[in-house]
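Student: Just upload-v5.cif, nothing more (mmCIF, C-alpha atoms):
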data_model
loop_
_atom_site.label_atom_id
_atom_site.label_comp_id
_atom_site.auth_asym_id
_atom_site.auth_seq_id
_atom_site.Cartn_x
_atom_site.Cartn_y
_atom_site.Cartn_z
CA MET A 227 56.79 -51.23 -64.42
CA PRO A 228 56.28 -47.52 -65.05
CA ASP A 229 54.23 -45.61 -62.51
CA TYR A 230 51.14 -44.28 -64.20
CA PRO A 231 49.32 -41.40 -62.57
CA GLN A 232 46.31 -42.61 -60.76
CA SER A 233 42.98 -40.93 -61.33
CA PRO A 234 41.36 -39.38 -58.27
CA PRO A 235 38.70 -41.48 -56.63
CA GLN A 236 35.26 -40.79 -57.99
CA LYS A 237 32.70 -39.50 -55.53
CA SER A 238 29.59 -41.52 -55.12
CA LYS A 239 26.23 -40.27 -56.26
CA SER A 240 25.00 -39.90 -52.67
CA SER A 241 27.98 -37.72 -51.70
CA ARG A 242 27.48 -35.52 -54.76
CA THR A 243 23.81 -35.20 -53.82
CA ARG A 244 24.72 -34.13 -50.29
CA ILE A 245 27.20 -31.55 -51.56
CA GLY A 246 24.70 -30.19 -54.07
CA GLY A 247 21.97 -30.13 -51.43
CA GLY A 248 24.27 -28.24 -49.03
CA ILE A 249 25.07 -25.60 -51.66
CA PHE A 250 21.37 -25.31 -52.49
CA TYR A 251 20.44 -24.92 -48.81
CA ARG A 252 23.12 -22.33 -47.96
CA ALA A 253 22.48 -20.26 -51.08
CA LEU A 254 18.77 -20.05 -50.37
CA VAL A 255 19.11 -19.22 -46.67
CA ARG A 256 21.68 -16.53 -47.49
CA GLU A 257 19.41 -14.90 -50.05
CA PHE A 258 16.39 -15.19 -47.74
CA SER A 259 18.36 -13.43 -45.00
CA VAL A 260 19.54 -10.56 -47.20
CA THR A 261 16.06 -9.93 -48.61
CA GLY A 262 14.43 -10.28 -45.18
CA VAL A 263 16.79 -7.76 -43.54
CA LEU A 264 16.19 -5.27 -46.34
CA VAL A 265 12.39 -5.60 -46.17
CA PHE A 266 12.38 -5.44 -42.36
CA SER A 267 14.54 -2.30 -42.34
CA ILE A 268 12.19 -0.54 -44.75
CA LEU A 269 9.05 -1.51 -42.81
CA LEU A 270 10.59 -0.59 -39.45
CA GLY A 271 11.67 2.79 -40.81
CA ILE A 272 8.14 3.49 -42.04
CA ILE A 273 6.60 2.57 -38.67
CA VAL A 274 9.11 4.61 -36.65
CA PHE A 275 8.69 7.62 -38.95
CA THR A 276 4.88 7.58 -38.82
CA GLN A 277 4.82 7.13 -35.03
CA LEU A 278 7.38 9.91 -34.61
CA ILE A 279 5.28 12.31 -36.69
CA ARG A 280 2.13 11.46 -34.71
CA LEU A 281 3.81 11.85 -31.30
CA LEU A 282 5.54 15.08 -32.31
CA GLY A 283 2.13 16.42 -33.33
CA ASP A 284 0.78 15.53 -29.88
CA SER A 285 3.80 17.21 -28.30
CA VAL A 286 3.32 20.43 -30.26
CA SER A 287 -0.36 20.56 -29.31
CA GLY A 288 0.55 20.08 -25.65
CA LEU A 289 -0.94 16.61 -25.24
CA LEU A 290 2.46 15.00 -24.70
CA ALA A 291 5.73 16.14 -23.18
CA VAL A 292 8.69 16.47 -25.51
CA GLU A 293 10.88 14.21 -23.38
CA GLY A 294 8.35 11.39 -23.71
CA VAL A 295 8.44 11.20 -27.51
CA VAL A 296 11.56 9.06 -27.87
CA ALA A 297 10.52 6.59 -25.18
CA LEU A 298 7.03 6.14 -26.61
CA VAL A 299 8.44 5.67 -30.13
CA GLY A 300 10.61 2.85 -28.76
CA PHE A 301 7.73 1.18 -26.95
CA SER A 302 5.50 1.51 -30.03
CA ALA A 303 8.15 0.01 -32.33
CA LEU A 304 8.64 -2.92 -29.95
CA ASN A 305 4.89 -3.52 -29.97
CA TYR A 306 4.82 -3.61 -33.80
CA LEU A 307 7.85 -5.91 -34.16
CA PRO A 308 5.93 -9.25 -34.25
CA ILE A 309 3.79 -8.11 -37.19
CA LEU A 310 6.78 -6.55 -38.99
CA LEU A 311 8.83 -9.72 -38.65
CA SER A 312 5.93 -11.84 -39.89
CA VAL A 313 5.47 -9.65 -42.98
CA SER A 314 9.24 -9.54 -43.59
CA LEU A 315 9.48 -13.33 -43.41
CA TYR A 316 6.62 -13.76 -45.86
CA LEU A 317 7.98 -11.23 -48.34
CA ALA A 318 11.55 -12.50 -48.07
CA VAL A 319 10.58 -16.01 -49.17
CA LEU A 320 8.10 -14.77 -51.76
CA LEU A 321 10.42 -12.22 -53.41
CA THR A 322 13.41 -14.56 -53.43
CA LEU A 323 11.58 -17.45 -55.09
CA THR A 324 9.78 -15.11 -57.49
CA ARG A 325 13.14 -13.76 -58.62
CA SER A 326 14.37 -17.33 -59.10
CA TYR A 327 11.43 -18.06 -61.39
CA ARG A 328 11.97 -14.87 -63.41
CA ASP A 329 15.71 -15.50 -63.83
CA SER A 330 15.07 -19.16 -64.82
CA GLU A 331 17.05 -20.41 -61.81
CA MET A 332 14.13 -22.61 -60.84
CA VAL A 333 14.41 -24.43 -64.16
CA VAL A 334 18.03 -25.26 -63.33
CA TRP A 335 17.14 -26.55 -59.89
CA PHE A 336 14.23 -28.62 -61.22
CA SER A 337 16.42 -30.05 -63.98
CA SER A 338 19.02 -31.12 -61.41
CA GLY A 339 16.41 -33.21 -59.61
CA ILE A 340 15.37 -30.77 -56.87
CA GLY A 341 11.59 -30.82 -56.68
CA LEU A 342 9.26 -28.23 -55.24
CA THR A 343 9.00 -30.00 -51.88
CA ARG A 344 12.78 -29.70 -51.44
CA TRP A 345 12.25 -25.98 -50.88
CA ILE A 346 10.42 -26.65 -47.63
CA ARG A 347 13.59 -27.51 -45.70
CA PRO A 348 15.55 -24.29 -46.44
CA VAL A 349 12.42 -22.20 -45.89
CA LEU A 350 11.86 -23.86 -42.52
CA GLY A 351 15.54 -23.45 -41.67
CA PHE A 352 15.27 -19.74 -42.32
CA ALA A 353 11.82 -19.29 -40.79
CA ALA A 354 12.34 -21.27 -37.55
CA PRO A 355 14.55 -18.72 -35.71
CA VAL A 356 12.42 -15.83 -36.95
CA VAL A 357 9.24 -17.55 -35.71
CA CYS A 358 10.91 -18.12 -32.32
CA VAL A 359 11.71 -14.40 -32.10
CA ILE A 360 8.12 -13.55 -33.07
CA ALA A 361 6.82 -15.86 -30.34
CA LEU A 362 9.16 -14.27 -27.77
CA LEU A 363 8.00 -10.80 -28.75
CA SER A 364 4.33 -11.76 -28.90
CA PHE A 365 4.21 -13.58 -25.56
CA LEU A 366 6.64 -11.51 -23.47
CA LEU A 367 8.19 -8.34 -24.88
CA ALA A 368 5.23 -6.75 -26.69
CA PRO A 369 2.87 -6.97 -23.64
CA TRP A 370 5.68 -5.61 -21.45
CA ALA A 371 6.22 -2.70 -23.87
CA LYS A 372 2.50 -1.92 -23.92
CA GLN A 373 2.33 -1.96 -20.12
CA LYS A 374 5.38 0.29 -19.76
CA ALA A 375 4.01 2.70 -22.37
CA ASP A 376 0.73 3.02 -20.44
CA GLU A 377 2.63 3.61 -17.16
CA PHE A 378 4.84 6.19 -18.83
CA LYS A 379 1.84 8.07 -20.22
CA SER A 380 0.20 7.97 -16.79
CA ARG A 381 3.28 9.52 -15.18
CA LEU A 382 3.37 12.25 -17.80
CA ASP A 383 -0.31 13.05 -17.18
CA THR A 384 0.34 13.62 -13.45
CA ARG A 385 2.73 16.49 -14.04
CA ASP A 386 1.74 20.00 -13.04
CA ASP A 387 0.54 22.71 -15.43
CA VAL A 388 3.83 24.60 -15.62
CA SER A 389 5.81 21.44 -16.40
CA LEU A 390 3.37 20.59 -19.16
CA ALA A 391 3.53 24.06 -20.69
CA THR A 392 5.32 24.07 -24.03
CA PRO A 393 7.46 27.16 -24.73
CA GLY A 394 5.89 29.26 -27.46
CA ALA A 395 2.44 27.66 -27.22
CA PHE A 396 -0.71 28.36 -25.19
CA ARG A 397 -1.60 25.69 -22.65
CA GLU A 398 -4.83 25.36 -20.66
CA SER A 399 -4.61 24.16 -17.07
CA LYS A 400 -6.16 20.84 -16.08
CA GLN A 401 -8.79 22.67 -14.02
CA ALA A 402 -9.69 24.71 -17.15
CA ASP A 403 -9.48 27.98 -15.17
CA ARG A 404 -6.10 29.24 -16.46
CA VAL A 405 -4.32 29.65 -19.76
CA PHE A 406 -0.51 29.76 -19.73
CA PHE A 407 1.96 31.07 -22.27
CA LEU A 408 5.69 30.82 -21.63
CA GLU A 409 8.08 32.12 -24.24
CA ASN A 410 11.11 30.31 -22.84
CA VAL A 411 11.93 27.96 -19.98
CA ASP A 412 15.30 27.62 -18.23
CA ALA A 413 14.99 24.32 -16.40
CA ARG A 414 18.54 24.50 -15.03
CA ASN A 415 17.96 27.80 -13.18
CA ASN A 416 14.25 27.05 -12.60
CA ARG A 417 13.18 30.28 -14.29
CA VAL A 418 10.75 31.19 -17.08
CA GLY A 419 10.60 34.27 -19.30
CA ASN A 420 7.86 36.41 -20.88
CA ILE A 421 4.86 34.94 -19.08
CA PHE A 422 1.21 35.38 -20.00
CA VAL A 423 -1.48 34.02 -17.67
CA GLN A 424 -5.22 34.45 -18.09
CA SER A 425 -7.32 33.24 -15.16
CA VAL A 426 -10.73 33.52 -13.56
CA GLN A 427 -10.82 34.38 -9.84
CA ASN A 428 -13.98 35.21 -7.90
CA SER A 429 -15.97 35.30 -11.15
CA LYS A 430 -13.61 37.96 -12.51
CA GLU A 431 -11.42 37.46 -15.51
CA GLY A 432 -7.85 38.64 -15.14
CA THR A 433 -4.78 38.74 -17.32
CA MET A 434 -1.21 38.94 -16.08
CA VAL A 435 1.98 39.53 -18.01
CA ALA A 436 5.52 39.52 -16.66
CA LYS A 437 9.01 39.63 -18.07
CA GLU A 438 10.22 36.73 -15.97
CA GLY A 439 9.25 34.36 -13.23
CA LEU A 440 10.41 31.42 -11.20
CA GLN A 441 9.10 28.37 -9.40
CA GLU A 442 9.26 28.13 -5.61
CA THR A 443 8.35 25.41 -3.14
CA ALA A 444 6.86 26.30 0.25
CA PRO A 445 7.89 24.49 3.45
CA ASN A 446 4.62 22.53 3.39
CA GLY A 447 5.39 21.23 -0.09
CA ASP A 448 3.11 23.51 -2.10
CA ARG A 449 4.58 24.81 -5.34
CA PHE A 450 4.10 28.34 -6.67
CA LEU A 451 4.74 30.16 -9.92
CA VAL A 452 6.12 33.56 -8.92
CA LEU A 453 5.77 36.38 -11.47
CA LEU A 454 8.28 39.22 -11.14
CA ASN A 455 7.81 42.84 -12.20
CA GLY A 456 4.56 42.37 -14.08
CA THR A 457 1.12 43.83 -14.63
CA ARG A 458 -2.35 42.46 -13.91
CA TYR A 459 -5.41 43.54 -15.89
CA GLU A 460 -8.66 42.66 -14.13
CA GLY A 461 -12.20 43.08 -15.41
CA VAL A 462 -13.67 44.07 -18.76
CA PRO A 463 -12.11 47.09 -20.54
CA GLY A 464 -14.49 50.08 -20.65
CA ARG A 465 -16.28 49.32 -17.38
CA HIS A 466 -15.86 51.30 -14.21
CA ASP A 467 -14.50 48.31 -12.25
CA PHE A 468 -11.65 47.65 -14.70
CA ARG A 469 -8.31 47.78 -12.89
CA ILE A 470 -4.64 47.78 -13.87
CA VAL A 471 -2.25 46.75 -11.11
CA GLU A 472 1.52 46.66 -11.36
CA PHE A 473 3.36 44.32 -9.03
CA GLU A 474 6.89 43.34 -8.17
CA ARG A 475 6.03 39.83 -7.05
CA TYR A 476 2.90 37.77 -7.59
CA ALA A 477 2.66 34.11 -6.53
CA MET A 478 0.19 31.62 -8.02
CA ARG A 479 -0.25 28.17 -6.55
CA ILE A 480 0.49 25.36 -8.98
CA GLU A 481 -2.14 22.66 -8.73
CA VAL A 482 -0.57 19.24 -8.52
CA ALA A 483 -2.44 16.49 -10.36
CA GLU A 484 -3.46 13.40 -8.48
CA ILE A 485 -1.29 10.38 -9.11
CA LYS A 486 -3.44 7.76 -10.78
CA GLU A 487 -2.45 4.25 -11.60
CA ALA A 488 -2.49 3.39 -15.27
CA GLU A 489 -5.63 1.55 -16.26
CA PRO A 490 -4.70 -2.00 -17.26
CA SER A 491 -4.88 -2.64 -20.97
CA LEU A 492 -5.79 -6.02 -22.43
CA LYS A 493 -2.75 -5.96 -24.69
CA GLY A 494 -0.55 -5.17 -21.69
CA TYR A 495 -1.58 -8.20 -19.61
CA PRO A 496 1.18 -10.81 -19.17
CA THR A 497 0.56 -14.07 -21.01
CA LEU A 498 0.64 -16.01 -17.74
CA TYR A 499 -2.19 -13.82 -16.40
CA LEU A 500 -4.28 -14.57 -19.49
CA LEU A 501 -3.77 -18.29 -18.97
CA GLN A 502 -4.70 -18.08 -15.29
CA ASN A 503 -7.85 -16.01 -16.00
CA PRO A 504 -9.50 -17.63 -19.05
CA THR A 505 -12.28 -15.15 -19.69
CA SER A 506 -13.59 -14.68 -23.21
CA TRP A 507 -11.68 -11.42 -23.77
CA ASN A 508 -8.51 -12.85 -22.28
CA MET A 509 -8.82 -15.84 -24.61
CA MET A 510 -9.23 -13.44 -27.50
CA GLU A 511 -5.93 -11.73 -26.70
CA LEU A 512 -4.20 -15.06 -26.04
CA GLU A 513 -5.30 -16.48 -29.39
CA TRP A 514 -4.07 -13.36 -31.16
CA ARG A 515 -0.64 -13.80 -29.57
CA ILE A 516 -0.55 -17.48 -30.50
CA GLY A 517 -1.71 -16.69 -34.02
CA LEU A 518 1.21 -14.35 -34.77
CA PRO A 519 4.04 -16.95 -34.78
CA LEU A 520 1.76 -19.69 -36.12
CA GLY A 521 0.54 -17.48 -38.94
CA ALA A 522 4.12 -16.41 -39.76
CA LEU A 523 5.15 -20.04 -40.22
CA ILE A 524 2.14 -20.84 -42.41
CA LEU A 525 2.71 -17.73 -44.54
CA ALA A 526 6.37 -18.63 -45.05
CA LEU A 527 5.36 -22.04 -46.42
CA LEU A 528 2.55 -20.50 -48.49
CA ALA A 529 5.11 -18.30 -50.23
CA ILE A 530 6.65 -21.39 -51.90
CA PRO A 531 3.73 -22.26 -54.21
CA LEU A 532 2.62 -18.61 -54.45
CA SER A 533 5.99 -17.57 -55.89
CA PHE A 534 5.32 -19.40 -59.17
CA VAL A 535 5.44 -16.95 -62.09
CA ASN A 536 3.44 -17.62 -65.24
CA PRO A 537 4.83 -15.40 -68.02
CA ARG A 538 1.54 -15.56 -69.92
CA ALA A 539 -0.47 -14.27 -66.94
CA GLY A 540 1.90 -11.42 -66.08
CA ARG A 541 4.88 -11.20 -63.79
CA SER A 542 3.10 -9.37 -60.98
CA LEU A 543 -0.01 -11.54 -60.73
CA ASN A 544 1.48 -13.86 -58.10
CA LEU A 545 2.47 -10.88 -55.93
CA ILE A 546 -1.05 -9.47 -56.12
CA ILE A 547 -2.52 -12.84 -55.15
CA ALA A 548 -0.02 -13.15 -52.28
CA VAL A 549 -0.94 -9.71 -50.92
CA VAL A 550 -4.67 -10.51 -51.15
CA ILE A 551 -4.15 -13.80 -49.30
CA TYR A 552 -2.17 -12.07 -46.54
CA MET A 553 -4.77 -9.34 -46.08
CA THR A 554 -7.59 -11.89 -46.04
CA TYR A 555 -5.71 -14.07 -43.54
CA ASN A 556 -4.94 -11.17 -41.22
CA ASN A 557 -8.48 -9.74 -41.35
CA LEU A 558 -10.10 -13.13 -40.77
CA LEU A 559 -7.83 -13.70 -37.81
CA GLY A 560 -8.87 -10.36 -36.31
CA VAL A 561 -12.59 -11.03 -36.91
CA VAL A 562 -12.49 -14.54 -35.48
CA THR A 563 -10.58 -13.49 -32.35
CA THR A 564 -13.14 -10.71 -31.82
CA TRP A 565 -15.92 -13.29 -32.05
CA VAL A 566 -14.12 -15.30 -29.37
CA GLY A 567 -14.05 -12.23 -27.12
CA GLN A 568 -17.75 -11.62 -27.72
CA GLY A 569 -18.56 -15.25 -26.94
CA ARG A 570 -20.00 -16.06 -30.38
CA ILE A 571 -17.64 -18.98 -30.96
CA GLY A 572 -15.51 -21.17 -28.75
CA PRO A 573 -11.77 -20.68 -28.21
CA ALA A 574 -10.87 -23.95 -29.97
CA LEU A 575 -12.76 -23.03 -33.13
CA GLY A 576 -11.38 -19.53 -33.02
CA LEU A 577 -7.81 -20.79 -32.73
CA TRP A 578 -7.86 -23.51 -35.38
CA GLY A 579 -10.61 -22.31 -37.71
CA VAL A 580 -8.64 -19.73 -39.71
CA HIS A 581 -5.27 -21.46 -39.35
CA GLY A 582 -6.80 -24.78 -40.39
CA ALA A 583 -8.31 -23.19 -43.48
CA MET A 584 -4.92 -21.72 -44.41
CA LEU A 585 -3.27 -25.12 -43.94
CA VAL A 586 -5.83 -26.66 -46.30
CA LEU A 587 -5.06 -23.89 -48.80
CA LEU A 588 -1.34 -24.58 -48.37
CA VAL A 589 -1.77 -28.29 -49.16
CA ALA A 590 -4.03 -27.49 -52.13
CA LEU A 591 -1.53 -25.05 -53.64
CA PHE A 592 1.34 -27.52 -53.23
CA TYR A 593 -0.78 -30.25 -54.83
CA LYS A 594 -1.64 -27.98 -57.75
CA ARG A 595 1.97 -26.97 -58.39
CA LEU A 596 3.24 -30.57 -58.05
CA SER A 597 0.53 -31.81 -60.40
CA VAL A 598 1.51 -29.21 -63.01
CA PHE A 599 5.19 -30.12 -62.81
CA SER A 600 4.46 -33.89 -62.93
CA TRP A 601 2.23 -33.46 -66.01
CA LYS A 602 4.90 -31.40 -67.81
CA ARG A 603 7.56 -33.99 -67.00
CA LEU A 604 5.27 -36.77 -68.33
CA MET A 605 4.66 -34.88 -71.58
CA ARG A 606 8.41 -34.53 -72.11
#
Could you render the structure from this file as structure tokens?
Tutor:
Amino acid sequence: MPDYPQSPPQKSKSSRTRIGGGIFYRALVREFSVTGVLVFSILLGIIVFTQLIRLLGDSVSGLLAVEGVVALVGFSALNYLPILLSVSLYLAVLLTLTRSYRDSEMVVWFSSGIGLTRWIRPVLGFAAPVVCVIALLSFLLAPWAKQKADEFKSRLDTRDDVSLATPGAFRESKQADRVFFLENVDARNNRVGNIFVQSVQNSKEGTMVAKEGLQETAPNGDRFLVLLNGTRYEGVPGRHDFRIVEFERYAMRIEVAEIKEAEPSLKGYPTLYLLQNPTSWNMMELEWRIGLPLGALILALLAIPLSFVNPRAGRSLNLIIAVVIYMTYNNLLGVVTTWVGQGRIGPALGLWGVHGAMLVLLVALFYKRLSVFSWKRLMR
């Protein structure tokens, strides 16, 4: 008998469903990731830029040393990361599904038998690792960054007046009895150039100028700013006691600030300390840290029904509603945690009150969207 070519074995319906579901899952997670990275990069750049501008302004005004700007920008960015990741997760899911509605991709998925609830699995698959990172940052890294930033600022505040002086800017001493101006500073050779110092000694106001100077340390540890080949003007011009004195060497003692420990900040307390000391304010901070990853997960699921686009109502209406819901959620969370700190409500109500209301809203939105799709399918 002749050998007829055999047709390839037909795949079962369940295997085709698994293959289609795998393609659906991978495509969604890939698009979520691309959109999330893009949104996170933009938000992180905005935060870093605004913090850099603020800290550079403090540095120019003499409130902060130049070498502390980069470190404080890093600590500040690490402290903002939980909120940035939460917003990025929310927007990634929302923008991706909104685009699918606008490009009619959702119609294709719905027609192939993939209902709205099937979107929960890929969203959870994408959101789970991000929520874990948010929890790690919220519970461990962000408090550590806040604590280190406070310690770093405290160390900068204990520096002496000459070290704090910014070249090209006037700087008042911490005792408020001297005003420094240094045109340039050579830290390698420990010398300064074109010095102006105005001080009050024995109820007399004096002004000194010198072409150069240097810093010296006495055997007992005292530090001095030595002015070389300068002039001192003492008194008020026009009076008989006004004096002009030229000198080759004039030494001024540099007052060393007392080393003070950084005052503990509530946001800098370790999470374990908050658990071991359950005061009302500690519970407030603990609930805020718990609310960040929990709220990120709820917002990611909320983005599924909120991404629905009704062409008759406008393409941007769902985005406006989503932004309003996020702002309301975030503000309510801040108000309720403050009430916990003030003792107006209990910690349990403060923790589950807002999140419970958002879960009810989540179920209601899913029910509304599923009811709309079921009614349309019945009409067809």
Student: Go through the shown structure with the PyMOL selection byres ((chain A and resi 555-567) around 12) and write out the matching residues as a PyMOL selection string.
Tutor: chain A and resi 309+312-313+492+504-518+520-522+524-525+528+548-554+568-585+587
Student: Work out how far CA of Arg449 in chain A is from CA of Glu472 in chain A, in Å to one decimal.
Tutor: 22.9 Å
Student: The PyMOL selection byres ((chain A and resi 298-300) around 8) - which residues does that actually catch in the file I just gave you? List them as a list in words.
Tutor: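 Against this file, the PyMOL selection byres ((chain A and resi 298-300) around 8) returns the residues Val274, Gln277, Leu278, Leu281, Gly294, Val295, Val296, Ala297, Phe301, Ser302, Ala303, Leu304 and Ala375 of chain A.
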Student: Work out how far apart CA of Arg381 in chain A and CA of Ile272 in chain A are and give it in Å to one decimal.
Tutor: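 Spanning CA of Arg381 in chain A to CA of Ile272 in chain A is a straight-line distance of 28.0 Å.
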Student: Can you work out which one of A:Ile547, A:Thr433, A:Arg404, A:Phe534 has the shortest atom-to-atom distance to Arg479 in chain A, counting only C-alpha atoms?
Tutor: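 Nearest to Arg479 in chain A: A:Arg404.
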Student: Using all atoms listed in the file, can you list as a PDB file with C-alpha atoms, in the coordinates of the input the residues within 12 Å of (-3.3, 43.8, -16.1)?
Tutor:
ATOM      1  CA  PHE A 422       1.210  35.380 -20.000  1.00  0.00           C
ATOM      2  CA  VAL A 423      -1.480  34.020 -17.670  1.00  0.00           C
ATOM      3  CA  GLN A 424      -5.220  34.450 -18.090  1.00  0.00           C
ATOM      4  CA  SER A 425      -7.320  33.240 -15.160  1.00  0.00           C
ATOM      5  CA  GLU A 431     -11.420  37.460 -15.510  1.00  0.00           C
ATOM      6  CA  GLY A 432      -7.850  38.640 -15.140  1.00  0.00           C
ATOM      7  CA  THR A 433      -4.780  38.740 -17.320  1.00  0.00           C
ATOM      8  CA  MET A 434      -1.210  38.940 -16.080  1.00  0.00           C
ATOM      9  CA  VAL A 435       1.980  39.530 -18.010  1.00  0.00           C
ATOM     10  CA  ALA A 436       5.520  39.520 -16.660  1.00  0.00           C
ATOM     11  CA  ASN A 455       7.810  42.840 -12.200  1.00  0.00           C
ATOM     12  CA  GLY A 456       4.560  42.370 -14.080  1.00  0.00           C
ATOM     13  CA  THR A 457       1.120  43.830 -14.630  1.00  0.00           C
ATOM     14  CA  ARG A 458      -2.350  42.460 -13.910  1.00  0.00           C
ATOM     15  CA  TYR A 459      -5.410  43.540 -15.890  1.00  0.00           C
ATOM     16  CA  GLU A 460      -8.660  42.660 -14.130  1.00  0.00           C
ATOM     17  CA  GLY A 461     -12.200  43.080 -15.410  1.00  0.00           C
ATOM     18  CA  VAL A 462     -13.670  44.070 -18.760  1.00  0.00           C
ATOM     19  CA  PRO A 463     -12.110  47.090 -20.540  1.00  0.00           C
ATOM     20  CA  PHE A 468     -11.650  47.650 -14.700  1.00  0.00           C
ATOM     21  CA  ARG A 469      -8.310  47.780 -12.890  1.00  0.00           C
ATOM     22  CA  ILE A 470      -4.640  47.780 -13.870  1.00  0.00           C
ATOM     23  CA  VAL A 471      -2.250  46.750 -11.110  1.00  0.00           C
ATOM     24  CA  GLU A 472       1.520  46.660 -11.360  1.00  0.00           C
ATOM     25  CA  PHE A 473       3.360  44.320  -9.030  1.00  0.00           C
TER      26      PHE A 473
END
Student: When distances are computed from only C-alpha atoms, which of A:Val452, A:Ala253, A:Leu500, A:Leu408 shows the smallest separation from Phe352 in chain A?
Tutor: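 Closest to Phe352 in chain A, using only C-alpha atoms: A:Ala253.
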Student: Using the chain letters and numbers from this file, what does the PyMOL selection byres ((chain A and resi 364) around 9) select? Give the answer as a ChimeraX atom specification.
Tutor: /A:305,307-308,359-363,365-369,514-516,518-519
Student: Do you know which residues are at most 7 Å from Phe450 in chain A counting all atoms listed in the file, after dropping those on the same chain fewer than 5 positions away, and could you put them as a PyMOL selection string?
Tutor: chain A and resi 441-443+477-480
Student: With C-alpha atoms retained, write the just-selected residues as a PDB file, in the coordinates of the input.
Tutor:
ATOM      1  CA  GLN A 441       9.100  28.370  -9.400  1.00  0.00           C
ATOM      2  CA  GLU A 442       9.260  28.130  -5.610  1.00  0.00           C
ATOM      3  CA  THR A 443       8.350  25.410  -3.140  1.00  0.00           C
ATOM      4  CA  ALA A 477       2.660  34.110  -6.530  1.00  0.00           C
ATOM      5  CA  MET A 478       0.190  31.620  -8.020  1.00  0.00           C
ATOM      6  CA  ARG A 479      -0.250  28.170  -6.550  1.00  0.00           C
ATOM      7  CA  ILE A 480       0.490  25.360  -8.980  1.00  0.00           C
TER       8      ILE A 480
END
Student: Rounded to one decimal place, report the CA of Val586 in chain A-CA of Leu269 in chain A distance in Å.
Tutor: 29.4 Å
Student: Between A:Lys493, A:Lys437, A:Arg417, A:Arg595, which has the minimum distance to Glu474 in chain A (counting all atoms listed in the file)?
Tutor: A:Lys437
Student: Can you work out which one of A:Gln373, A:Asn446, A:Ser533, A:Ser380 has the shortest atom-to-atom distance to Ser491 in chain A, counting only C-alpha atoms?
Tutor: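 Looking at the shortest contact to Ser491 in chain A, the residue is A:Gln373.
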